[in-house]
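Novice: File follows, run.pdb with PDB, C-alpha atoms:
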```
ATOM      1  CA  MET A   1       5.064  17.531  10.192  1.00  0.00           C
ATOM      2  CA  ALA A   2       7.555  16.652   7.473  1.00  0.00           C
ATOM      3  CA  ASN A   3       6.796  13.882   5.035  1.00  0.00           C
ATOM      4  CA  SER A   4       8.396  10.572   5.846  1.00  0.00           C
ATOM      5  CA  ASN A   5       8.745   8.757   2.542  1.00  0.00           C
ATOM      6  CA  LYS A   6      11.034   5.771   2.401  1.00  0.00           C
ATOM      7  CA  ASP A   7      11.502   2.571   0.499  1.00  0.00           C
ATOM      8  CA  ILE A   8      11.369  -0.766   2.280  1.00  0.00           C
ATOM      9  CA  PHE A   9      12.168  -4.305   1.241  1.00  0.00           C
ATOM     10  CA  TYR A  10       9.586  -7.078   1.172  1.00  0.00           C
ATOM     11  CA  SER A  11      11.420  -8.819   4.011  1.00  0.00           C
ATOM     12  CA  ASP A  12      10.766  -5.713   6.141  1.00  0.00           C
ATOM     13  CA  LEU A  13       7.129  -5.676   5.085  1.00  0.00           C
ATOM     14  CA  LYS A  14       6.796  -9.358   5.940  1.00  0.00           C
ATOM     15  CA  ALA A  15       8.135  -8.612   9.428  1.00  0.00           C
ATOM     16  CA  LEU A  16       5.598  -5.789   9.853  1.00  0.00           C
ATOM     17  CA  LEU A  17       2.781  -8.102   8.758  1.00  0.00           C
ATOM     18  CA  ALA A  18       3.958 -10.835  11.131  1.00  0.00           C
ATOM     19  CA  LYS A  19       3.612  -8.373  14.034  1.00  0.00           C
ATOM     20  CA  ASN A  20      -0.085  -8.031  13.128  1.00  0.00           C
ATOM     21  CA  ASN A  21       0.287  -4.261  13.108  1.00  0.00           C
ATOM     22  CA  LYS A  22      -3.282  -2.908  13.227  1.00  0.00           C
ATOM     23  CA  GLY A  23      -2.188   0.470  11.838  1.00  0.00           C
ATOM     24  CA  LEU A  24      -0.545  -1.050   8.759  1.00  0.00           C
ATOM     25  CA  LEU A  25      -2.301  -0.603   5.427  1.00  0.00           C
ATOM     26  CA  VAL A  26      -0.726  -2.263   2.390  1.00  0.00           C
ATOM     27  CA  VAL A  27      -2.033  -0.958  -0.926  1.00  0.00           C
ATOM     28  CA  ASP A  28      -1.377  -3.050  -4.029  1.00  0.00           C
ATOM     29  CA  VAL A  29      -1.293  -0.638  -6.970  1.00  0.00           C
ATOM     30  CA  ARG A  30      -0.841  -3.243  -9.712  1.00  0.00           C
ATOM     31  CA  THR A  31      -3.457  -4.115 -12.325  1.00  0.00           C
ATOM     32  CA  LYS A  32      -6.352  -6.451 -11.534  1.00  0.00           C
ATOM     33  CA  GLU A  33      -4.788  -9.099 -13.754  1.00  0.00           C
ATOM     34  CA  GLU A  34      -1.539  -8.947 -11.774  1.00  0.00           C
ATOM     35  CA  VAL A  35      -3.377  -9.097  -8.445  1.00  0.00           C
ATOM     36  CA  ASP A  36      -5.400 -12.100  -9.657  1.00  0.00           C
ATOM     37  CA  ARG A  37      -2.112 -13.994 -10.112  1.00  0.00           C
ATOM     38  CA  GLY A  38      -1.145 -13.416  -6.482  1.00  0.00           C
ATOM     39  CA  HIS A  39      -1.212 -10.774  -3.785  1.00  0.00           C
ATOM     40  CA  ILE A  40       0.003 -10.055  -0.283  1.00  0.00           C
ATOM     41  CA  PRO A  41      -2.574 -11.320   2.226  1.00  0.00           C
ATOM     42  CA  GLY A  42      -4.391  -8.436   3.883  1.00  0.00           C
ATOM     43  CA  SER A  43      -3.493  -5.921   1.185  1.00  0.00           C
ATOM     44  CA  ILE A  44      -6.132  -3.871  -0.575  1.00  0.00           C
ATOM     45  CA  HIS A  45      -6.168  -3.302  -4.311  1.00  0.00           C
ATOM     46  CA  ILE A  46      -6.228   0.264  -5.591  1.00  0.00           C
ATOM     47  CA  PRO A  47      -4.798   0.449  -9.138  1.00  0.00           C
ATOM     48  CA  VAL A  48      -2.198   3.184  -9.506  1.00  0.00           C
ATOM     49  CA  ASP A  49      -4.383   5.169 -11.891  1.00  0.00           C
ATOM     50  CA  THR A  50      -7.141   5.389  -9.251  1.00  0.00           C
ATOM     51  CA  VAL A  51      -5.023   6.058  -6.134  1.00  0.00           C
ATOM     52  CA  GLU A  52      -5.555   9.807  -6.254  1.00  0.00           C
ATOM     53  CA  SER A  53      -9.343   9.547  -6.507  1.00  0.00           C
ATOM     54  CA  ALA A  54      -9.423   6.842  -3.816  1.00  0.00           C
ATOM     55  CA  LEU A  55      -7.480   8.958  -1.334  1.00  0.00           C
ATOM     56  CA  VAL A  56      -9.926  11.861  -1.631  1.00  0.00           C
ATOM     57  CA  LEU A  57     -12.993   9.723  -0.896  1.00  0.00           C
ATOM     58  CA  ASP A  58     -14.714  10.513   2.364  1.00  0.00           C
ATOM     59  CA  PRO A  59     -14.166   7.837   5.040  1.00  0.00           C
ATOM     60  CA  ALA A  60     -17.594   6.216   4.574  1.00  0.00           C
ATOM     61  CA  GLU A  61     -17.136   5.911   0.796  1.00  0.00           C
ATOM     62  CA  PHE A  62     -13.606   4.539   1.234  1.00  0.00           C
ATOM     63  CA  GLN A  63     -14.866   1.969   3.777  1.00  0.00           C
ATOM     64  CA  ALA A  64     -17.707   0.906   1.483  1.00  0.00           C
ATOM     65  CA  LYS A  65     -15.490   0.582  -1.576  1.00  0.00           C
ATOM     66  CA  TYR A  66     -12.369  -1.031  -0.073  1.00  0.00           C
ATOM     67  CA  ARG A  67     -13.792  -2.648   3.093  1.00  0.00           C
ATOM     68  CA  VAL A  68     -11.150  -1.065   5.318  1.00  0.00           C
ATOM     69  CA  THR A  69     -10.986   2.128   7.312  1.00  0.00           C
ATOM     70  CA  LYS A  70      -9.576   5.032   5.335  1.00  0.00           C
ATOM     71  CA  PRO A  71      -6.141   5.878   6.703  1.00  0.00           C
ATOM     72  CA  PRO A  72      -5.760   9.278   8.343  1.00  0.00           C
ATOM     73  CA  LEU A  73      -3.340  11.777   6.828  1.00  0.00           C
ATOM     74  CA  ASP A  74      -0.844  10.903   9.566  1.00  0.00           C
ATOM     75  CA  ALA A  75      -1.270   7.121   9.220  1.00  0.00           C
ATOM     76  CA  PRO A  76       1.805   5.525  10.816  1.00  0.00           C
ATOM     77  CA  GLU A  77       2.159   2.739   8.250  1.00  0.00           C
ATOM     78  CA  LEU A  78       0.879   3.284   4.723  1.00  0.00           C
ATOM     79  CA  VAL A  79       2.671   1.049   2.225  1.00  0.00           C
ATOM     80  CA  PHE A  80       2.182   1.092  -1.538  1.00  0.00           C
ATOM     81  CA  HIS A  81       3.556  -1.759  -3.596  1.00  0.00           C
ATOM     82  CA  CYS A  82       3.688  -2.916  -7.176  1.00  0.00           C
ATOM     83  CA  GLN A  83       5.827  -5.358  -9.105  1.00  0.00           C
ATOM     84  CA  MET A  84       9.029  -3.410  -9.662  1.00  0.00           C
ATOM     85  CA  GLY A  85       8.672  -0.150  -7.714  1.00  0.00           C
ATOM     86  CA  ARG A  86       7.771   2.440 -10.333  1.00  0.00           C
ATOM     87  CA  ARG A  87       4.002   2.391  -9.785  1.00  0.00           C
ATOM     88  CA  GLY A  88       4.499   2.219  -6.024  1.00  0.00           C
ATOM     89  CA  GLY A  89       6.607   5.353  -6.291  1.00  0.00           C
ATOM     90  CA  VAL A  90       3.932   7.088  -8.341  1.00  0.00           C
ATOM     91  CA  ALA A  91       1.360   6.144  -5.684  1.00  0.00           C
ATOM     92  CA  THR A  92       3.525   7.548  -2.879  1.00  0.00           C
ATOM     93  CA  ASP A  93       3.829  10.810  -4.814  1.00  0.00           C
ATOM     94  CA  LYS A  94       0.044  10.939  -5.168  1.00  0.00           C
ATOM     95  CA  ALA A  95      -0.362  10.291  -1.426  1.00  0.00           C
ATOM     96  CA  ARG A  96       2.063  13.114  -0.650  1.00  0.00           C
ATOM     97  CA  CYS A  97       0.103  15.468  -2.899  1.00  0.00           C
ATOM     98  CA  GLN A  98      -3.072  14.540  -1.001  1.00  0.00           C
ATOM     99  CA  GLY A  99      -1.464  15.466   2.327  1.00  0.00           C
ATOM    100  CA  PHE A 100      -0.454  12.054   3.648  1.00  0.00           C
ATOM    101  CA  GLN A 101       2.578  12.446   5.868  1.00  0.00           C
ATOM    102  CA  LYS A 102       4.053   8.967   6.148  1.00  0.00           C
ATOM    103  CA  TYR A 103       4.185   6.411   3.396  1.00  0.00           C
ATOM    104  CA  GLU A 104       6.508   3.798   2.017  1.00  0.00           C
ATOM    105  CA  CYS A 105       7.053   2.124  -1.306  1.00  0.00           C
ATOM    106  CA  THR A 106       8.146  -1.487  -1.383  1.00  0.00           C
ATOM    107  CA  PHE A 107      10.628  -2.808  -3.883  1.00  0.00           C
ATOM    108  CA  ASP A 108      13.016  -5.766  -4.269  1.00  0.00           C
ATOM    109  CA  ASN A 109      10.238  -7.832  -5.770  1.00  0.00           C
ATOM    110  CA  THR A 110      12.211 -10.965  -6.574  1.00  0.00           C
ATOM    111  CA  ALA A 111       9.888 -13.213  -4.575  1.00  0.00           C
ATOM    112  CA  LEU A 112       6.561 -11.389  -4.429  1.00  0.00           C
ATOM    113  CA  TYR A 113       4.478 -14.408  -5.340  1.00  0.00           C
ATOM    114  CA  THR A 114       6.227 -16.852  -3.002  1.00  0.00           C
ATOM    115  CA  LEU A 115       7.439 -14.747  -0.073  1.00  0.00           C
ATOM    116  CA  PHE A 116       4.048 -14.512   1.576  1.00  0.00           C
ATOM    117  CA  ASP A 117       3.004 -18.127   1.001  1.00  0.00           C
ATOM    118  CA  ALA A 118       4.712 -19.016   4.273  1.00  0.00           C
ATOM    119  CA  LEU A 119       2.840 -16.466   6.402  1.00  0.00           C
TER     120      LEU A 119
END
```
Can you give me the file's structure in the form of structure tokens?
Specialist:
Amino acid sequence: MANSNKDIFYSDLKALLAKNNKGLLVVDVRTKEEVDRGHIPGSIHIPVDTVESALVLDPAEFQAKYRVTKPPLDAPELVFHCQMGRRGGVATDKARCQGFQKYECTFDNTALYTLFDAL
């Protein structure tokens, strides 16, 4: 299957979250300090410099470390996000190199810290 890498806007991500999509995994690749200032509810934190090692963990280790089920290589909705898009893009590249087939990188971060307050 061909890779399906695309960028989405936060408004699109908000709509996906509102649908309570059980297959959606949002990975925040910012630093701990950035995440401590605000994060998207339901997202998991995997700093960009540890994404590659996180994605090669076996499912039990991933579950224990991040408290969510490790996404399969063909996960329908795997979204990486950061503050401006660069680190999210790096994370999507790392996911592709690990064999993940579908992933997205969010950008248009003008309202990251307020957009999800209304959820």
Novice: Could you check the closest approach to A:Leu55 for each of A:Gln83, A:Asn20, A:Ser11, A:Thr92 and tell me which residue wins, using all atoms listed in the file?
Specialist: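 Result for the nearest residue to A:Leu55: A:Thr92.
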Novice: Care to translate the PyMOL selection byres ((chain A and resi 22-33) around 6) into actual residues of this file, as a PDB file with C-alpha atoms, keeping the file's coordinate frame?
Specialist:
```
ATOM      1  CA  ASN A  21       0.287  -4.261  13.108  1.00  0.00           C
ATOM      2  CA  GLU A  34      -1.539  -8.947 -11.774  1.00  0.00           C
ATOM      3  CA  VAL A  35      -3.377  -9.097  -8.445  1.00  0.00           C
ATOM      4  CA  ASP A  36      -5.400 -12.100  -9.657  1.00  0.00           C
ATOM      5  CA  SER A  43      -3.493  -5.921   1.185  1.00  0.00           C
ATOM      6  CA  ILE A  44      -6.132  -3.871  -0.575  1.00  0.00           C
ATOM      7  CA  HIS A  45      -6.168  -3.302  -4.311  1.00  0.00           C
ATOM      8  CA  ILE A  46      -6.228   0.264  -5.591  1.00  0.00           C
ATOM      9  CA  PRO A  47      -4.798   0.449  -9.138  1.00  0.00           C
ATOM     10  CA  VAL A  48      -2.198   3.184  -9.506  1.00  0.00           C
ATOM     11  CA  GLU A  77       2.159   2.739   8.250  1.00  0.00           C
ATOM     12  CA  LEU A  78       0.879   3.284   4.723  1.00  0.00           C
ATOM     13  CA  VAL A  79       2.671   1.049   2.225  1.00  0.00           C
ATOM     14  CA  PHE A  80       2.182   1.092  -1.538  1.00  0.00           C
ATOM     15  CA  HIS A  81       3.556  -1.759  -3.596  1.00  0.00           C
ATOM     16  CA  CYS A  82       3.688  -2.916  -7.176  1.00  0.00           C
TER      17      CYS A  82
END
```
Novice: Record the distance separating atom CA of A:Tyr10 and atom CA of A:Asp49, expressed in Å with one decimal.
Specialist: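 Straight-line distance from atom CA of A:Tyr10 to atom CA of A:Asp49 works out to 22.7 Å.
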Novice: Let me make sure I understand: among A:Ala18, A:Ala54, A:Leu13, A:Ile8, which one has the smallest atom-to-atom distance to A:Ala91 if we use only C-alpha atoms?
Specialist: A:Ala54
Novice: Quick one, how far is atom CA of A:Ala75 from atom CA of A:Ile40?
Specialist: 19.7 Å
Novice: Between A:Lys94, A:Arg87, A:Lys102, A:Arg67, which is the closest to A:Val51 once you count only C-alpha atoms?
Specialist: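 Under the stated criterion, the closest residue is A:Lys94.
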Novice: What separation in Å, quoted to one decimal, exists between atom CA of A:Thr69 and atom CA of A:Asp7?
Specialist: 23.5 Å
Novice: Smallest atom-to-atom distance to A:Thr106: which of A:Leu73, A:Met84, A:Ala15, A:His39, using only C-alpha atoms?
Specialist: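 Of the candidates, the smallest distance to A:Thr106 is held by A:Met84.
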